[in-house]
Amino acid sequence: MAPVKVYKNLIDGEWVESSSGRTFENVNPANEKELVGIFQKSNQQDVDAAVAAAKGAYKTWRLVPPPKRGEILFRAARTLAERKEELATQMTREMGKILDETRGDVQEAIDMTFYMAGEGRRLFGQTTPSELRNKFCMSVRSPIGVCSLITPWNFPMAIPSWKVMPALVCGNTVVMKPATDTPLSMYNLVRILEDSGIPRGVVNYVTGGGGEVGERLMTHPDVRVVSFTGSTEVGRRVSEACSQTFKHSCLEMGGKNVIMVLEDANLDLAVDGALWGGFGTTGQRCTAASRVVVDKKVYKAFMDKFVERARSLKVGNGLEPTVQMGPLINEGQLKTVEEYVEIGKNEGAELLTGGKRLTGGEYDGGHFYAPTIFGDCDPKMRVAQEEIFGPVVSVIPCDGLDEAIEIGNGVIYGLSSSLYTRNVNNAFKAMRDMETGIFYVNAPTIGAETHLPFGGTKQTGNGHREASTAALDFYSEWKSVYVDYSDSLQRAQIDA
Ligand code: NAD
């Protein structure tokens, strides 16, 4: 067997070991015996060195013309595209989702990198007439400084790219921390940025636990911006920590997304959507449809097909071409799923399929769980309210559109929702009334595009959005500039 590679931190343009002298293992969730790599278990000292490097590099990076920053991103995007297959394969080994999905994850990073590279030639501000003669007014985007980027394991390259690309094109410098389950995909992204010509210190990469590395990244006095994607619980802590020194924080957190199926829906299409939305990425997408609300008039017809299709999904190692659903990320996540299935049964939800761990043969050493559907759920049940983050879908019967919307909105989260209907009036009513940051008609809750804002309402987010030009608003600050060429003191209208 080839020796397992030891990966290092990137600090000030050098690949270095952690000063802690400690490391951790990155294993394949389809088979824990397979070691993907060994990574640095970093500490506060490493973070401090990375932030100092980013602070130093900011002095010159902020002055690099944005189109030149964009050119580096274009090179990175092309390399990502050339190496897509290899990057996806490595991602499946560390994260578990099937190859088609890891290809999609890399594709998202490619799209975001090309998109933000193009923004280097835009970064538009406004010009506007002045209220006074011989005076010129404009607004320009200014970079902010050092950004801490903290990411989860479920989109290990896409989500880092959503953060680092807009941060860089706006002229900021960054320290990036991946989740400990998936540090390799962020490593690959950082390496490609480095090879594409990012100057030393502009991008720093520090691996390690949330408690040690993450905490320091959001409390360090020289960090001005924290972008976090992860659970609502940790997001709350990030928000509190950032408030102490008024760091800007962008929080993308949990979800309990809903697909609503009306009486007039194309049921086969809705079943396709519920399967893909509920069990895609083993239900471990922030936008996963873990609730399906179905009109009572078509409930039975829908459920017969949905349960049968879920039962026939092929679960296994995501590298196998015929596999449709991979493992859960780790044992802890699998235990959470087991606990919720018990909760659901005790609450009186009807277990229609799944509800068990898969073991033996090809499943040995992995974290596999059968696609699980609860029927006849009450909207107030915990399985219909709380984020499970696994292959468990709770189906709730309803009476028409108004009740579907009420149930759909009746959770603390607000990321994504969808409606299946052939009635344009219903579609527009739901579009207006759903309290989510993303809404789909006749498509599942997953599948965002990079040039549209991404994010959620209520306890999913704190009002910012990722992707699109909305991301530029987070990674830059507006500066309003007034140029008086009258050669005389002109007082603004309020002082005149
Ligand atoms: P998590 O909150 O456990 O961890 C996210 C990141 O925060 C990791 O890098 C982790 O190491 C770090 N972290 C943990 N504790 C920390 C602390 N005290 N201080 C600073 N950083 C800390 O989440 P996870 O399990 O990696 O990801 C799953 C969650 O992410 C789900 O709730 C999911 O809905 C959410 N998510 C949301 C979106 C979105 O865009 N809304 C996208 C993907 C995932």
# chains A, B, ... in the order shown; residues from 1 in each chain; ligands from 1
>>> closest_atom_pairs(of="chain A", to="ligand 1", cutoff="8 Å", atoms="only C-alpha atoms and all ligand atoms", output="tab-separated table")
residue	atom	partner	partner_atom_place_in_ligand_line	distance
A:Ile150	CA	ligand 1	9 (O)	5.1
A:Thr151	CA	ligand 1	9 (O)	4.5
A:Pro152	CA	ligand 1	26 (O)	3.4
A:Trp153	CA	ligand 1	26 (O)	4.9
A:Asn154	CA	ligand 1	43 (C)	6.1
A:Phe155	CA	ligand 1	43 (C)	6.5
A:Ile159	CA	ligand 1	42 (C)	7.3
A:Lys177	CA	ligand 1	9 (O)	6.1
A:Pro178	CA	ligand 1	9 (O)	4.9
A:Ala179	CA	ligand 1	9 (O)	3.6
A:Thr180	CA	ligand 1	11 (O)	6.1
A:Gly208	CA	ligand 1	11 (O)	7.1
A:Gly209	CA	ligand 1	11 (O)	5.0
A:Gly210	CA	ligand 1	22 (C)	3.4
A:Gly211	CA	ligand 1	18 (N)	4.5
A:Glu212	CA	ligand 1	19 (N)	7.4
A:Val213	CA	ligand 1	20 (C)	7.0
A:Gly214	CA	ligand 1	20 (C)	3.4
A:Glu215	CA	ligand 1	19 (N)	4.1
A:Arg216	CA	ligand 1	20 (C)	7.6
A:Leu217	CA	ligand 1	20 (C)	7.2
A:Met218	CA	ligand 1	20 (C)	6.7
A:Phe228	CA	ligand 1	7 (O)	6.9
A:Thr229	CA	ligand 1	37 (C)	5.3
A:Gly230	CA	ligand 1	30 (O)	3.1
A:Ser231	CA	ligand 1	32 (O)	3.4
A:Thr232	CA	ligand 1	32 (O)	6.0
A:Glu233	CA	ligand 1	2 (O)	6.6
A:Val234	CA	ligand 1	2 (O)	4.8
A:Gly235	CA	ligand 1	2 (O)	6.6
A:Arg237	CA	ligand 1	18 (N)	6.5
A:Val238	CA	ligand 1	19 (N)	6.3
A:Leu251	CA	ligand 1	41 (N)	7.6
A:Glu252	CA	ligand 1	41 (N)	3.8
A:Met253	CA	ligand 1	41 (N)	4.0
A:Gly254	CA	ligand 1	34 (O)	3.3
A:Gly255	CA	ligand 1	34 (O)	5.2
A:Gln284	CA	ligand 1	33 (C)	7.3
A:Arg285	CA	ligand 1	43 (C)	6.1
A:Cys286	CA	ligand 1	34 (O)	3.8
A:Thr287	CA	ligand 1	34 (O)	7.3
A:Glu387	CA	ligand 1	32 (O)	7.0
A:Phe389	CA	ligand 1	31 (C)	6.6
A:Leu415	CA	ligand 1	41 (N)	6.6
A:Phe454	CA	ligand 1	40 (O)	7.2
A:Gly455	CA	ligand 1	40 (O)	5.8
A:Gly456	CA	ligand 1	41 (N)	6.4
A:Thr460	CA	ligand 1	41 (N)	5.9
A:Gly461	CA	ligand 1	41 (N)	6.8
>>> residues_around(residues="A:Val203", least_positions_apart="4", cutoff="7 Å", atoms="only C-alpha atoms", output="number ranges by chain")
A: 173-175
>>> write_last_selection(atoms="C-alpha atoms", output="CSV table (one decimal), in the first residue's frame")
chain,number,residue,atom,x,y,z
A,173,THR,CA,-7.3,38.4,1.9
A,174,VAL,CA,-8.5,35.1,3.6
A,175,VAL,CA,-7.9,32.4,6.1
>>> residues_around(residues="stretch 86-101 of chain A", least_positions_apart="2", cutoff="9 Å", atoms="only C-alpha atoms", output="count of residues only")
43
>>> atom_distance(atom1="atom CA of A:Phe474", atom2="atom CA of A:Tyr115")
16.1 Å
>>> residues_around(residues="A:His248", least_positions_apart="6", cutoff="12 Å", atoms="only C-alpha atoms", output="PyMOL selection string")
chain A and resi 144-149+218-219+223-228+238-242+462-464+473-477
>>> select_by_dssp(residues="stretch 325-406 of chain A", states="helix (DSSP H, G or I)", output="PyMOL selection string")
chain A and resi 331-347+361-363+382-384+400-406
>>> closest_residue(among="A:Asn409, A:Gln493, A:Thr450, A:Gln45", to="A:Ala430", atoms="only C-alpha atoms")
A:Asn409
